[in-house]
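Below is model.txt, which holds compact mmCIF, C-alpha atoms.
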```
# COMPACT_ATOMS: atom_id res chain seq x y z
CA MET A 44 10.55 -1.40 9.48
CA LYS A 45 10.53 -3.44 6.30
CA LYS A 46 8.47 -3.04 3.14
CA ALA A 47 6.02 -5.77 4.13
CA ASP A 48 5.34 -3.91 7.40
CA PHE A 49 4.28 -0.76 5.59
CA ILE A 50 2.13 -2.69 3.10
CA LEU A 51 0.29 -4.51 5.88
CA VAL A 52 -0.29 -1.42 8.03
CA LEU A 53 -1.39 0.80 5.15
CA CYS A 54 -3.73 -1.85 3.70
CA ALA A 55 -5.34 -2.52 7.08
CA LEU A 56 -5.82 1.18 7.78
CA ALA A 57 -7.21 1.81 4.29
CA VAL A 58 -9.73 -1.04 4.56
CA GLY A 59 -10.75 0.08 8.05
CA LEU A 60 -11.25 3.70 7.04
CA LEU A 61 -13.14 2.72 3.90
CA LEU A 62 -15.55 0.58 5.93
CA LEU A 63 -15.97 3.35 8.50
CA LEU A 64 -16.68 5.99 5.87
CA LEU A 65 -19.15 3.93 3.85
CA PRO A 66 -22.43 5.85 3.98
CA LYS A 67 -24.90 4.31 6.36
CA SER A 68 -28.61 4.80 5.96
CA SER A 69 -30.42 6.20 8.93
CA GLY A 70 -32.10 3.66 11.20
CA GLU A 71 -35.80 2.96 11.25
CA ARG A 72 -36.28 0.49 14.05
CA LEU A 73 -34.51 -1.29 16.88
CA THR A 74 -34.29 -5.06 16.81
CA VAL A 75 -33.53 -6.82 20.09
CA LEU A 76 -31.80 -10.18 19.80
CA CYS A 77 -31.35 -12.53 22.74
CA ASP A 78 -29.14 -15.63 22.38
CA GLY A 79 -28.99 -14.82 18.68
CA GLU A 80 -32.73 -15.08 18.26
CA PHE A 81 -35.30 -12.41 17.56
CA PHE A 82 -36.81 -11.08 20.77
CA ALA A 83 -38.61 -7.82 20.04
CA GLU A 84 -38.73 -4.81 17.75
CA TYR A 85 -39.28 -1.14 18.53
CA PRO A 86 -39.69 1.93 16.28
CA LEU A 87 -36.98 4.55 16.86
CA SER A 88 -39.52 7.33 16.47
CA ARG A 89 -41.14 6.68 19.84
CA ASP A 90 -39.19 7.40 23.04
CA CYS A 91 -39.37 4.67 25.66
CA VAL A 92 -37.46 2.77 28.35
CA VAL A 93 -37.50 -1.01 28.17
CA GLU A 94 -36.68 -3.16 31.19
CA LEU A 95 -35.37 -6.67 30.57
CA ALA A 96 -34.09 -9.35 32.96
CA GLY A 97 -30.44 -8.26 33.17
CA ASN A 98 -30.50 -5.03 31.19
CA ALA A 99 -32.52 -1.94 30.47
CA PHE A 100 -32.22 0.28 27.43
CA GLU A 101 -33.72 3.55 26.37
CA ILE A 102 -34.84 5.01 23.06
CA ARG A 103 -34.60 8.79 23.07
CA ASP A 104 -34.63 11.18 20.11
CA GLY A 105 -34.06 8.33 17.67
CA GLU A 106 -30.99 7.07 19.56
CA VAL A 107 -30.66 3.89 21.56
CA PHE A 108 -28.44 3.35 24.57
CA MET A 109 -28.14 0.85 27.40
CA CYS A 110 -29.02 2.36 30.76
CA ARG A 111 -28.71 -0.66 33.07
CA ALA A 112 -26.71 -3.89 33.01
CA ASP A 113 -26.11 -6.35 35.84
CA CYS A 114 -22.88 -7.72 34.37
CA PRO A 115 -19.56 -6.90 36.12
CA GLY A 116 -17.87 -5.42 33.04
CA GLY A 117 -20.55 -2.98 31.93
CA ASP A 118 -19.01 -2.52 28.47
CA CYS A 119 -22.46 -1.98 26.98
CA LEU A 120 -23.10 0.91 29.38
CA LYS A 121 -19.94 2.62 28.09
CA SER A 122 -20.99 2.12 24.45
CA ARG A 123 -21.98 5.23 22.58
CA PRO A 124 -25.66 5.67 21.63
CA VAL A 125 -26.49 4.12 18.25
CA SER A 126 -28.90 5.45 15.66
CA ARG A 127 -27.80 4.38 12.17
CA ALA A 128 -28.66 1.19 10.31
CA GLY A 129 -26.22 -1.64 11.02
CA GLU A 130 -24.94 -0.19 14.30
CA SER A 131 -25.42 -2.21 17.44
CA ILE A 132 -24.82 -2.36 21.16
CA VAL A 133 -23.82 -5.75 22.48
CA CYS A 134 -23.94 -7.07 26.04
CA LEU A 135 -21.81 -10.17 25.78
CA PRO A 136 -22.35 -11.58 29.30
CA ASN A 137 -26.14 -11.50 28.85
CA ARG A 138 -25.98 -12.41 25.15
CA LEU A 139 -28.13 -9.43 24.31
CA ILE A 140 -27.86 -7.44 21.10
CA LEU A 141 -29.55 -4.15 20.30
CA ARG A 142 -29.35 -3.71 16.55
CA ILE A 143 -30.53 -0.79 14.47
CA ASP A 144 -32.18 -1.76 11.18
CA GLY A 145 -32.86 0.45 8.20
CA LYS A 146 -35.79 0.52 5.81
CA ASP A 147 -34.93 -2.42 3.61
CA ASN A 148 -32.86 -4.59 5.87
CA ASP A 149 -33.25 -8.18 4.85
CA ALA A 150 -32.21 -9.38 8.30
CA PRO A 151 -29.02 -11.41 7.82
CA ASP A 152 -29.79 -13.20 11.07
CA ALA A 153 -32.68 -15.01 9.42
CA VAL A 154 -29.87 -16.99 7.79
CA THR A 155 -27.17 -17.04 10.46
CA GLY A 156 -29.37 -16.95 13.55
CA GLY A 157 -28.59 -19.35 16.34
CA VAL A 158 -25.16 -20.43 15.12
CA GLY A 159 -23.21 -21.84 18.05
CA GLY A 160 -25.27 -19.82 20.49
CA MET B 133 18.66 -30.79 32.08
CA LYS B 134 21.23 -29.37 34.45
CA GLY B 135 19.94 -27.89 37.67
CA LYS B 136 21.44 -24.45 37.12
CA ALA B 137 20.12 -24.09 33.59
CA TYR B 138 16.70 -25.25 34.72
CA ALA B 139 16.66 -22.69 37.53
CA ARG B 140 17.78 -19.94 35.17
CA ARG B 141 15.04 -20.80 32.70
CA THR B 142 12.36 -20.97 35.38
CA ALA B 143 13.44 -17.63 36.82
CA PHE B 144 13.51 -16.02 33.37
CA PHE B 145 9.97 -17.09 32.46
CA GLY B 146 8.77 -16.20 35.96
CA VAL B 147 10.09 -12.66 35.59
CA MET B 148 8.56 -12.36 32.13
CA LEU B 149 5.17 -13.59 33.37
CA ALA B 150 5.32 -11.09 36.25
CA LEU B 151 6.19 -8.30 33.82
CA ALA B 152 3.28 -9.25 31.52
CA LEU B 153 0.89 -9.30 34.49
CA VAL B 154 2.02 -5.84 35.60
CA LEU B 155 1.46 -4.53 32.07
CA SER B 156 -2.02 -6.13 32.03
CA PHE B 157 -2.75 -4.39 35.32
CA VAL B 158 -1.56 -1.01 34.04
CA GLU B 159 -3.73 -1.44 30.97
CA HIS B 160 -6.71 -2.35 33.14
CA GLN B 161 -6.43 1.06 34.82
CA LEU B 162 -6.76 2.96 31.54
CA PRO B 163 -10.23 4.30 30.74
CA SER B 164 -12.17 2.34 28.12
CA PRO B 165 -13.14 4.10 24.89
CA GLY B 166 -16.74 3.93 23.67
CA ILE B 167 -16.21 0.76 21.67
CA PRO B 168 -15.65 -2.54 23.50
CA GLY B 169 -12.56 -4.44 22.42
CA ILE B 170 -10.36 -1.42 21.77
CA LYS B 171 -7.28 -1.66 23.92
CA LEU B 172 -3.55 -1.07 23.78
CA GLY B 173 -2.41 -4.64 24.33
CA LEU B 174 0.62 -3.61 26.39
CA ALA B 175 1.28 -7.18 27.50
CA ASN B 176 1.87 -8.04 23.86
CA VAL B 177 5.30 -6.42 24.27
CA VAL B 178 6.31 -9.33 26.51
CA ALA B 179 4.83 -11.91 24.13
CA LEU B 180 6.82 -10.41 21.25
CA ILE B 181 10.07 -10.28 23.20
CA LEU B 182 9.64 -13.93 24.20
CA LEU B 183 8.76 -14.90 20.64
CA TYR B 184 11.99 -13.38 19.33
CA LYS B 185 14.18 -14.46 22.25
CA THR B 186 12.94 -17.96 23.05
CA GLY B 187 10.57 -19.04 20.29
CA LEU B 188 6.91 -20.03 20.13
CA PRO B 189 6.47 -22.37 23.16
CA GLY B 190 7.71 -19.82 25.69
CA ALA B 191 5.69 -16.97 24.19
CA LEU B 192 2.51 -19.03 23.97
CA GLY B 193 2.88 -20.48 27.47
CA VAL B 194 3.52 -17.15 29.16
CA ASN B 195 0.74 -15.45 27.20
CA VAL B 196 -1.86 -18.11 28.11
CA LEU B 197 -0.84 -17.99 31.78
CA ARG B 198 -0.92 -14.20 31.70
CA VAL B 199 -4.46 -14.09 30.27
CA VAL B 200 -5.75 -16.66 32.79
CA LEU B 201 -4.11 -14.96 35.79
CA ALA B 202 -5.00 -11.42 34.71
CA ASN B 203 -8.67 -12.33 34.26
CA LEU B 204 -8.78 -14.20 37.57
CA LEU B 205 -7.27 -11.16 39.31
CA PHE B 206 -9.15 -8.31 37.69
CA GLY B 207 -11.39 -9.65 34.93
CA SER B 208 -14.09 -12.26 34.63
CA VAL B 209 -14.43 -15.79 33.30
CA ALA B 210 -16.34 -14.44 30.29
CA SER B 211 -13.57 -12.04 29.36
CA MET B 212 -11.04 -14.84 29.91
CA VAL B 213 -12.58 -16.83 27.05
CA TYR B 214 -12.22 -13.86 24.71
CA GLY B 215 -8.74 -13.13 25.95
CA LEU B 216 -7.59 -16.72 25.41
CA CYS B 217 -9.17 -16.88 21.96
CA GLY B 218 -7.47 -13.66 20.89
CA GLY B 219 -4.21 -14.28 22.73
CA ILE B 220 -3.54 -17.77 21.38
CA LEU B 221 -4.41 -17.01 17.76
CA ALA B 222 -2.45 -13.74 17.81
CA VAL B 223 0.71 -15.44 19.14
CA LEU B 224 0.42 -18.26 16.57
CA CYS B 225 0.02 -15.73 13.76
CA MET B 226 2.93 -13.65 15.02
CA ALA B 227 5.11 -16.78 15.25
CA LEU B 228 4.38 -17.61 11.60
CA LEU B 229 5.18 -14.09 10.41
CA CYS B 230 8.24 -13.92 12.64
CA ARG B 231 9.54 -17.15 11.12
CA SER B 232 8.90 -15.93 7.59
CA GLY B 233 11.48 -13.21 8.22
CA ARG B 234 9.78 -10.73 5.92
CA MET B 235 8.59 -8.43 8.66
CA SER B 236 10.12 -6.49 11.50
CA PRO B 237 8.70 -6.84 15.03
CA ALA B 238 6.51 -3.76 14.45
CA GLY B 239 4.73 -5.30 11.45
CA VAL B 240 4.48 -8.70 13.13
CA SER B 241 2.87 -7.02 16.13
CA ALA B 242 0.42 -5.04 13.97
CA ALA B 243 -0.68 -8.30 12.35
CA GLY B 244 -1.00 -9.81 15.82
CA GLY B 245 -3.24 -6.93 16.90
CA ILE B 246 -5.50 -7.41 13.90
CA VAL B 247 -5.74 -11.18 14.42
CA HIS B 248 -6.39 -10.67 18.15
CA ASN B 249 -9.37 -8.41 17.49
CA LEU B 250 -10.68 -10.59 14.67
CA ALA B 251 -10.50 -13.70 16.87
CA GLN B 252 -12.45 -11.93 19.61
CA LEU B 253 -15.12 -10.89 17.11
CA LEU B 254 -15.44 -14.48 15.89
CA CYS B 255 -15.65 -15.64 19.50
CA ALA B 256 -18.36 -13.05 20.20
CA THR B 257 -20.22 -14.18 17.08
CA LEU B 258 -20.27 -17.73 18.45
CA VAL B 259 -21.40 -16.58 21.90
CA THR B 260 -24.18 -14.25 20.72
CA GLY B 261 -25.13 -16.37 17.71
CA SER B 262 -25.33 -13.23 15.60
CA THR B 263 -23.01 -11.45 13.24
CA ALA B 264 -24.18 -8.07 14.59
CA VAL B 265 -20.90 -7.72 16.54
CA PHE B 266 -19.11 -7.23 13.22
CA ALA B 267 -20.47 -3.68 13.26
CA TYR B 268 -17.38 -3.04 15.40
CA PHE B 269 -15.04 -4.54 12.81
CA PRO B 270 -13.82 -1.34 11.06
CA ALA B 271 -12.98 0.39 14.35
CA LEU B 272 -11.31 -2.74 15.72
CA LEU B 273 -9.30 -3.23 12.52
CA ILE B 274 -7.89 0.29 12.75
CA SER B 275 -7.27 0.21 16.49
CA GLY B 276 -5.71 -3.27 16.29
CA THR B 277 -3.30 -2.11 13.59
CA LEU B 278 -2.26 1.09 15.36
CA CYS B 279 -2.01 -0.41 18.86
CA GLY B 280 -0.16 -3.43 17.47
CA LEU B 281 2.26 -1.13 15.68
CA LEU B 282 2.85 0.82 18.88
CA THR B 283 3.50 -2.21 21.08
CA GLY B 284 5.62 -3.66 18.28
CA LEU B 285 7.84 -0.57 18.24
CA CYS B 286 8.18 -0.81 22.04
CA ALA B 287 9.17 -4.47 21.73
CA ALA B 288 11.63 -3.67 18.91
CA GLY B 289 13.28 -1.09 21.16
CA ALA B 290 13.47 -3.55 24.02
CA LEU B 291 14.84 -6.30 21.77
CA ARG B 292 17.61 -3.99 20.57
CA ALA B 293 18.57 -3.10 24.14
CA LEU B 294 18.42 -6.63 25.55
CA PRO B 295 21.56 -8.78 25.40
CA ASN B 296 21.32 -11.55 22.83
CA SER B 297 20.52 -14.23 25.35
CA ARG B 298 18.59 -16.50 23.01
CA ASN B 299 21.18 -19.29 23.29
CA GLU B 300 21.46 -18.94 27.01
CA VAL B 301 17.75 -19.48 27.54
CA SER B 302 16.83 -21.96 24.87
CA LYS B 303 20.01 -24.04 25.22
CA SER B 304 18.57 -25.73 28.26
CA LYS B 305 15.42 -26.97 26.50
```

Kindly present the structure from the file in structure tokens form.
Amino acid sequence: MKKADFILVLCALAVGLLLLLLPKSSGERLTVLCDGEFFAEYPLSRDCVVELAGNAFEIRDGEVFMCRADCPGGDCLKSRPVSRAGESIVCLPNRLILRIDGKDNDAPDAVTGGVGG
Amino acid sequence: MKGKAYARRTAFFGVMLALALVLSFVEHQLPSPGIPGIKLGLANVVALILLYKTGLPGALGVNVLRVVLANLLFGSVASMVYGLCGGILAVLCMALLCRSGRMSPAGVSAAGGIVHNLAQLLCATLVTGSTAVFAYFPALLISGTLCGLLTGLCAAGALRALPNSRNEVSKSK
């Protein structure tokens, strides 16, 4: 191991940990994006199950998780429930994103929405 | 190119490709953690060994073939796109760092792991048309560094044990 190795590894770990530990505000609502575009919005305070074409997700006790996906991988089914602002569950094969937004989220996708999708 | 050298080279890359595929298969059997994209990258050991022993073309060729074959065998076309995106960029980055000579295989591999995960996030951003996938970035940065370091140490051990056959293999190019 050389000096540059240690610098790279320590810097990467420090940046990663810093980003992980940044305080996140609690989520207010769930925004559903399909193909990068706004599809629907749900308050986290009300429990419900939503059925979509290829997926189904559930809101329970302020947490959101995917409960059905017709894709072969099923990565989104293995994803942990999300509840804090900025967290998201992504189903890549179906191009579906469940994103938690906080109180004053100025929706970055209003600017970047639809890029390359 | 002489027949014997050509045969030796073909056999060498064939064995390496087979080894990479086996490692991909082993990795496929491991349980997935809660965050998509986190993985060991065992096959990167082979890419690193090839990078140091034969240079960029061999490493890139075997890695691309490995990703295509592994996804045809036990993945999907969608995951192949991500795999190729990450695999190609990671090998190119590792080749640059390897050539610079400032890093040992472990550091080169850690950088490769980071670039691999970053490339997949960019690819996912293009596919979904949203930057929401970058919520996974901190976890992927840490896992890419640690897993890259681990596979890099494996490759460093293997490189030390292997005979210095660089001339033997690349002579016939």

Please identify all polymer residues lying at most 9 Å from the point (-24.3, 1.3, 13.8) (file coordinates), using all atoms listed in the file, and present the result as a PDB file with C-alpha atoms, in the coordinates of the input.
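Final file, selection_25.pdb:
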```
ATOM      1  CA  LYS A  67     -24.900   4.310   6.360  1.00  0.00           C
ATOM      2  CA  GLY A  70     -32.100   3.660  11.200  1.00  0.00           C
ATOM      3  CA  VAL A 125     -26.490   4.120  18.250  1.00  0.00           C
ATOM      4  CA  SER A 126     -28.900   5.450  15.660  1.00  0.00           C
ATOM      5  CA  ARG A 127     -27.800   4.380  12.170  1.00  0.00           C
ATOM      6  CA  ALA A 128     -28.660   1.190  10.310  1.00  0.00           C
ATOM      7  CA  GLY A 129     -26.220  -1.640  11.020  1.00  0.00           C
ATOM      8  CA  GLU A 130     -24.940  -0.190  14.300  1.00  0.00           C
ATOM      9  CA  SER A 131     -25.420  -2.210  17.440  1.00  0.00           C
ATOM     10  CA  ILE A 132     -24.820  -2.360  21.160  1.00  0.00           C
ATOM     11  CA  ARG A 142     -29.350  -3.710  16.550  1.00  0.00           C
ATOM     12  CA  ILE A 143     -30.530  -0.790  14.470  1.00  0.00           C
ATOM     13  CA  ASP A 144     -32.180  -1.760  11.180  1.00  0.00           C
TER      14      ASP A 144
ATOM     15  CA  ALA B 267     -20.470  -3.680  13.260  1.00  0.00           C
ATOM     16  CA  TYR B 268     -17.380  -3.040  15.400  1.00  0.00           C
TER      17      TYR B 268
END
```

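Between atom CA of A:Pro115 and atom CA of B:Gly218 there is a distance of 20.6 Å.
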
Contact residues (chain B, partner chain A, 9 Å, only C-alpha atoms) as a ChimeraX atom specification: /B:164-168,207-208,210-211,234-240,242-243,246,256-265,267-275,277-278,281

message: List the spatial neighbours of B:Ala175 as a PyMOL selection string - criterion: any atom at most 8 Å away, only C-alpha atoms, same-chain residues fewer than 2 positions off excluded.
response: chain B and resi 152-153+155-156+173+177-179

Shell of 8 Å around A:Ala99, only C-alpha atoms, local chain residues under 6 positions omitted, as a ChimeraX atom specification: /A:92-93,109-112
